[in-house]
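Novice: Here it is: the structure, laid out below.
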Amino acid sequence: MSNKSLKTDAIKQIEQNGGLINKPHRKDSNDEIFLFHLRIHSKNIDLPRIFGDVKFVCMCGTAHRAKKFAEIIRQEVYSTSFNKSKEVFDLAQFGHRYSMFKVGNVLCVNHGMGFASFNIVLHEVIKLLQCAGVKDPEFFRIGTCGGIGIPEGTVLISEKIVNDFFEEQYEMNVLGKRIKLAAKWDQNLIKNLKNICETKFPNTQMLRGTTMSVEHFYESVASTEASFCLNNDTERDKYFDLMKKHGVLSLDMEAIAMAAITYYMGIKSASVFVNSNNLCSTELPEFPDEVRAEWEIRPFKVIVEYIKSKLQNTIIE
């Protein structure tokens, strides 16, 4: 779908109608869905027309990063198809919780921090694509992570995802029951992303290994920067040594939820991070803002090159 068509069919009417697009109500009410946190209602928007061509869903933590990635996609992948003077439009802005940008075949969404925030938007995005008739989408979690004894700025391709008990499973409490879902990345995606890194960015340090997803930002690593600490330094050091023995290179707060839910749904997914700080060090090194800004877009560049190769049919499946 062209940018002009999307503007005419979606954005203009969203602007005029407080987030809802006018369209005759469907006769079969059972087919209607309302994505509450994105504020998208299927009876008011033609989901297949607007979202039916989505091939890639790229999820970032902050709205700023999601928008930045959308702008990079527009510039690097669809430079001849879109008006560069126009600002990318937040299709979920009237929900006031998440941001969502569509550029060509790419949907860029922010997910907030932690499992709860991530699960909500992941469910609604998957439901959106289901109702739009999208087939075989690929999901990517892109962002920063904490590194375990590795240099800041290192690009990390997550080959394996574990919880803080070193299990490849994600646990949810559902109706008073503890439900455990297997958490697996698509290994073919991992292989292709590795090849992209090695061929397109030979001068960027890249590692592959295990990512651990934790529930708490401070408590899960016994952070000395928190307001209180439930563990002492000795316990912390022993646990970090255990992480290293299990091959854990990075920690994040959302990836295992993506791996588990997409695996359960039969959706291909993968994750690319950049290490923003070394969690094994008690000292926080100072890096200029421009250096950290360059680190932040390193995973973006990897995914952009993958999308370009995929759309050009140069990826070997």
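By order of appearance in the structure tokens: chains A, B, ..., then residues from 1 within every chain, and ligands from 1 in the order shown.
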Which residues come within 7 Å of A:Cys60, counting only C-alpha atoms, excluding same-chain residues fewer than 3 positions away, as a ChimeraX atom specification?
Specialist: /A:65-66,109-111,141-143
Novice: A:Glu305: which residues within 12 Å, counting only C-alpha atoms, same-chain residues fewer than 6 positions away excluded, as a PDB file with N, CA, C and O atoms, in the first residue's frame?
Specialist:
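Saved result, selection.pdb, follows:
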ATOM      1  N   ILE A  72      14.049   5.171  10.154  1.00  0.00           N
ATOM      2  CA  ILE A  72      15.184   4.526   9.495  1.00  0.00           C
ATOM      3  C   ILE A  72      14.690   3.571   8.411  1.00  0.00           C
ATOM      4  O   ILE A  72      15.259   3.515   7.311  1.00  0.00           O
ATOM      5  N   ILE A  73      13.621   2.832   8.703  1.00  0.00           N
ATOM      6  CA  ILE A  73      13.042   1.929   7.710  1.00  0.00           C
ATOM      7  C   ILE A  73      12.586   2.715   6.481  1.00  0.00           C
ATOM      8  O   ILE A  73      12.823   2.317   5.333  1.00  0.00           O
ATOM      9  N   GLU A  76      15.850   3.878   4.654  1.00  0.00           N
ATOM     10  CA  GLU A  76      16.760   2.866   4.138  1.00  0.00           C
ATOM     11  C   GLU A  76      16.084   1.832   3.240  1.00  0.00           C
ATOM     12  O   GLU A  76      16.731   1.267   2.358  1.00  0.00           O
ATOM     13  N   VAL A  77      14.806   1.557   3.478  1.00  0.00           N
ATOM     14  CA  VAL A  77      14.128   0.491   2.741  1.00  0.00           C
ATOM     15  C   VAL A  77      13.137   1.037   1.719  1.00  0.00           C
ATOM     16  O   VAL A  77      13.004   0.496   0.620  1.00  0.00           O
ATOM     17  N   ASN A 192      20.346 -16.353   9.851  1.00  0.00           N
ATOM     18  CA  ASN A 192      20.364 -15.270   8.870  1.00  0.00           C
ATOM     19  C   ASN A 192      20.849 -13.953   9.475  1.00  0.00           C
ATOM     20  O   ASN A 192      21.575 -13.193   8.830  1.00  0.00           O
ATOM     21  N   LEU A 193      20.433 -13.673  10.714  1.00  0.00           N
ATOM     22  CA  LEU A 193      20.893 -12.453  11.377  1.00  0.00           C
ATOM     23  C   LEU A 193      22.393 -12.502  11.635  1.00  0.00           C
ATOM     24  O   LEU A 193      23.096 -11.484  11.497  1.00  0.00           O
ATOM     25  N   LYS A 194      22.904 -13.659  12.002  1.00  0.00           N
ATOM     26  CA  LYS A 194      24.343 -13.834  12.190  1.00  0.00           C
ATOM     27  C   LYS A 194      25.083 -13.547  10.881  1.00  0.00           C
ATOM     28  O   LYS A 194      26.100 -12.852  10.859  1.00  0.00           O
ATOM     29  N   ASN A 195      24.568 -14.086   9.784  1.00  0.00           N
ATOM     30  CA  ASN A 195      25.211 -13.864   8.480  1.00  0.00           C
ATOM     31  C   ASN A 195      25.190 -12.390   8.097  1.00  0.00           C
ATOM     32  O   ASN A 195      26.164 -11.874   7.523  1.00  0.00           O
ATOM     33  N   ILE A 196      24.078 -11.715   8.406  1.00  0.00           N
ATOM     34  CA  ILE A 196      23.982 -10.284   8.128  1.00  0.00           C
ATOM     35  C   ILE A 196      25.072  -9.534   8.894  1.00  0.00           C
ATOM     36  O   ILE A 196      25.767  -8.668   8.347  1.00  0.00           O
ATOM     37  N   CYS A 197      25.223  -9.853  10.179  1.00  0.00           N
ATOM     38  CA  CYS A 197      26.232  -9.183  11.004  1.00  0.00           C
ATOM     39  C   CYS A 197      27.625  -9.393  10.445  1.00  0.00           C
ATOM     40  O   CYS A 197      28.427  -8.455  10.357  1.00  0.00           O
ATOM     41  N   GLU A 198      27.927 -10.623  10.078  1.00  0.00           N
ATOM     42  CA  GLU A 198      29.282 -10.950   9.639  1.00  0.00           C
ATOM     43  C   GLU A 198      29.614 -10.348   8.286  1.00  0.00           C
ATOM     44  O   GLU A 198      30.764  -9.941   8.046  1.00  0.00           O
ATOM     45  N   THR A 199      28.620 -10.270   7.392  1.00  0.00           N
ATOM     46  CA  THR A 199      28.899  -9.772   6.043  1.00  0.00           C
ATOM     47  C   THR A 199      28.745  -8.262   5.911  1.00  0.00           C
ATOM     48  O   THR A 199      29.517  -7.618   5.196  1.00  0.00           O
ATOM     49  N   LYS A 200      27.751  -7.697   6.607  1.00  0.00           N
ATOM     50  CA  LYS A 200      27.469  -6.276   6.464  1.00  0.00           C
ATOM     51  C   LYS A 200      28.193  -5.406   7.496  1.00  0.00           C
ATOM     52  O   LYS A 200      28.470  -4.234   7.228  1.00  0.00           O
ATOM     53  N   PHE A 201      28.492  -5.978   8.658  1.00  0.00           N
ATOM     54  CA  PHE A 201      29.098  -5.178   9.735  1.00  0.00           C
ATOM     55  C   PHE A 201      30.293  -5.908  10.343  1.00  0.00           C
ATOM     56  O   PHE A 201      30.321  -6.216  11.535  1.00  0.00           O
ATOM     57  N   ARG A 298      22.659   0.235  16.443  1.00  0.00           N
ATOM     58  CA  ARG A 298      23.341  -0.921  15.872  1.00  0.00           C
ATOM     59  C   ARG A 298      22.395  -2.089  15.617  1.00  0.00           C
ATOM     60  O   ARG A 298      22.423  -2.682  14.529  1.00  0.00           O
ATOM     61  N   PRO A 299      21.543  -2.466  16.586  1.00  0.00           N
ATOM     62  CA  PRO A 299      20.574  -3.532  16.281  1.00  0.00           C
ATOM     63  C   PRO A 299      19.607  -3.145  15.169  1.00  0.00           C
ATOM     64  O   PRO A 299      19.182  -3.999  14.383  1.00  0.00           O
ATOM     65  N   LEU A 311      13.190  -8.774   1.444  1.00  0.00           N
ATOM     66  CA  LEU A 311      12.308  -8.218   0.416  1.00  0.00           C
ATOM     67  C   LEU A 311      12.898  -8.361  -0.980  1.00  0.00           C
ATOM     68  O   LEU A 311      12.184  -8.432  -1.976  1.00  0.00           O
ATOM     69  N   GLN A 312      14.233  -8.409  -1.050  1.00  0.00           N
ATOM     70  CA  GLN A 312      14.911  -8.568  -2.345  1.00  0.00           C
ATOM     71  C   GLN A 312      15.149 -10.036  -2.704  1.00  0.00           C
ATOM     72  O   GLN A 312      15.779 -10.344  -3.707  1.00  0.00           O
ATOM     73  N   THR A 314      17.083 -12.238  -1.318  1.00  0.00           N
ATOM     74  CA  THR A 314      18.472 -12.665  -1.302  1.00  0.00           C
ATOM     75  C   THR A 314      18.815 -13.462  -0.050  1.00  0.00           C
ATOM     76  O   THR A 314      19.960 -13.875   0.138  1.00  0.00           O
ATOM     77  N   ILE A 315      17.819 -13.670   0.815  1.00  0.00           N
ATOM     78  CA  ILE A 315      18.018 -14.489   1.997  1.00  0.00           C
ATOM     79  C   ILE A 315      17.818 -15.951   1.626  1.00  0.00           C
ATOM     80  O   ILE A 315      16.845 -16.320   0.955  1.00  0.00           O
TER      81      ILE A 315
END
Novice: Got a sec: who's within 7 Å of A:Gly146, counting only C-alpha atoms, leaving out chain neighbours fewer than 6 positions off, as a PDB file with N, CA, C and O atoms, in the first residue's frame?
Specialist:
ATOM      1  N   SER A 250      23.616 -11.834  28.354  1.00  0.00           N
ATOM      2  CA  SER A 250      22.852 -10.600  28.475  1.00  0.00           C
ATOM      3  C   SER A 250      21.577 -10.817  29.268  1.00  0.00           C
ATOM      4  O   SER A 250      21.050 -11.933  29.342  1.00  0.00           O
ATOM      5  N   LEU A 251      21.086  -9.724  29.850  1.00  0.00           N
ATOM      6  CA  LEU A 251      19.817  -9.727  30.586  1.00  0.00           C
ATOM      7  C   LEU A 251      18.885  -8.693  29.981  1.00  0.00           C
ATOM      8  O   LEU A 251      19.315  -7.589  29.610  1.00  0.00           O
ATOM      9  N   ASP A 252      17.610  -9.065  29.868  1.00  0.00           N
ATOM     10  CA  ASP A 252      16.589  -8.107  29.472  1.00  0.00           C
ATOM     11  C   ASP A 252      15.329  -8.397  30.276  1.00  0.00           C
ATOM     12  O   ASP A 252      15.333  -9.268  31.149  1.00  0.00           O
ATOM     13  N   ASN A 275      24.596  -4.208  24.053  1.00  0.00           N
ATOM     14  CA  ASN A 275      24.923  -4.117  25.475  1.00  0.00           C
ATOM     15  C   ASN A 275      25.158  -2.656  25.855  1.00  0.00           C
ATOM     16  O   ASN A 275      26.085  -2.025  25.348  1.00  0.00           O
ATOM     17  N   SER A 276      24.323  -2.139  26.741  1.00  0.00           N
ATOM     18  CA  SER A 276      24.459  -0.732  27.150  1.00  0.00           C
ATOM     19  C   SER A 276      25.250  -0.559  28.436  1.00  0.00           C
ATOM     20  O   SER A 276      25.715   0.539  28.735  1.00  0.00           O
ATOM     21  N   ASN A 277      25.403  -1.633  29.219  1.00  0.00           N
ATOM     22  CA  ASN A 277      26.222  -1.540  30.422  1.00  0.00           C
ATOM     23  C   ASN A 277      26.618  -2.929  30.909  1.00  0.00           C
ATOM     24  O   ASN A 277      25.901  -3.902  30.698  1.00  0.00           O
ATOM     25  N   ASN A 278      27.771  -3.006  31.535  1.00  0.00           N
ATOM     26  CA  ASN A 278      28.301  -4.263  32.046  1.00  0.00           C
ATOM     27  C   ASN A 278      27.803  -4.461  33.473  1.00  0.00           C
ATOM     28  O   ASN A 278      28.237  -3.773  34.395  1.00  0.00           O
ATOM     29  N   LEU A 279      26.891  -5.403  33.646  1.00  0.00           N
ATOM     30  CA  LEU A 279      26.268  -5.607  34.953  1.00  0.00           C
ATOM     31  C   LEU A 279      27.222  -6.195  35.981  1.00  0.00           C
ATOM     32  O   LEU A 279      26.956  -6.133  37.180  1.00  0.00           O
TER      33      LEU A 279
END
Novice: Counting only C-alpha atoms, what is within 12 Å of A:Gly153, bar same-chain residues fewer than 2 positions away, as a PyMOL selection string?
Specialist: chain A and resi 143-147+150-151+155-156+204-207+273-278+287+291-299
Novice: Could you check how far atom CA of A:Cys58 sits from atom CA of A:His41, in Å to one decimal?
Specialist: 21.9 Å
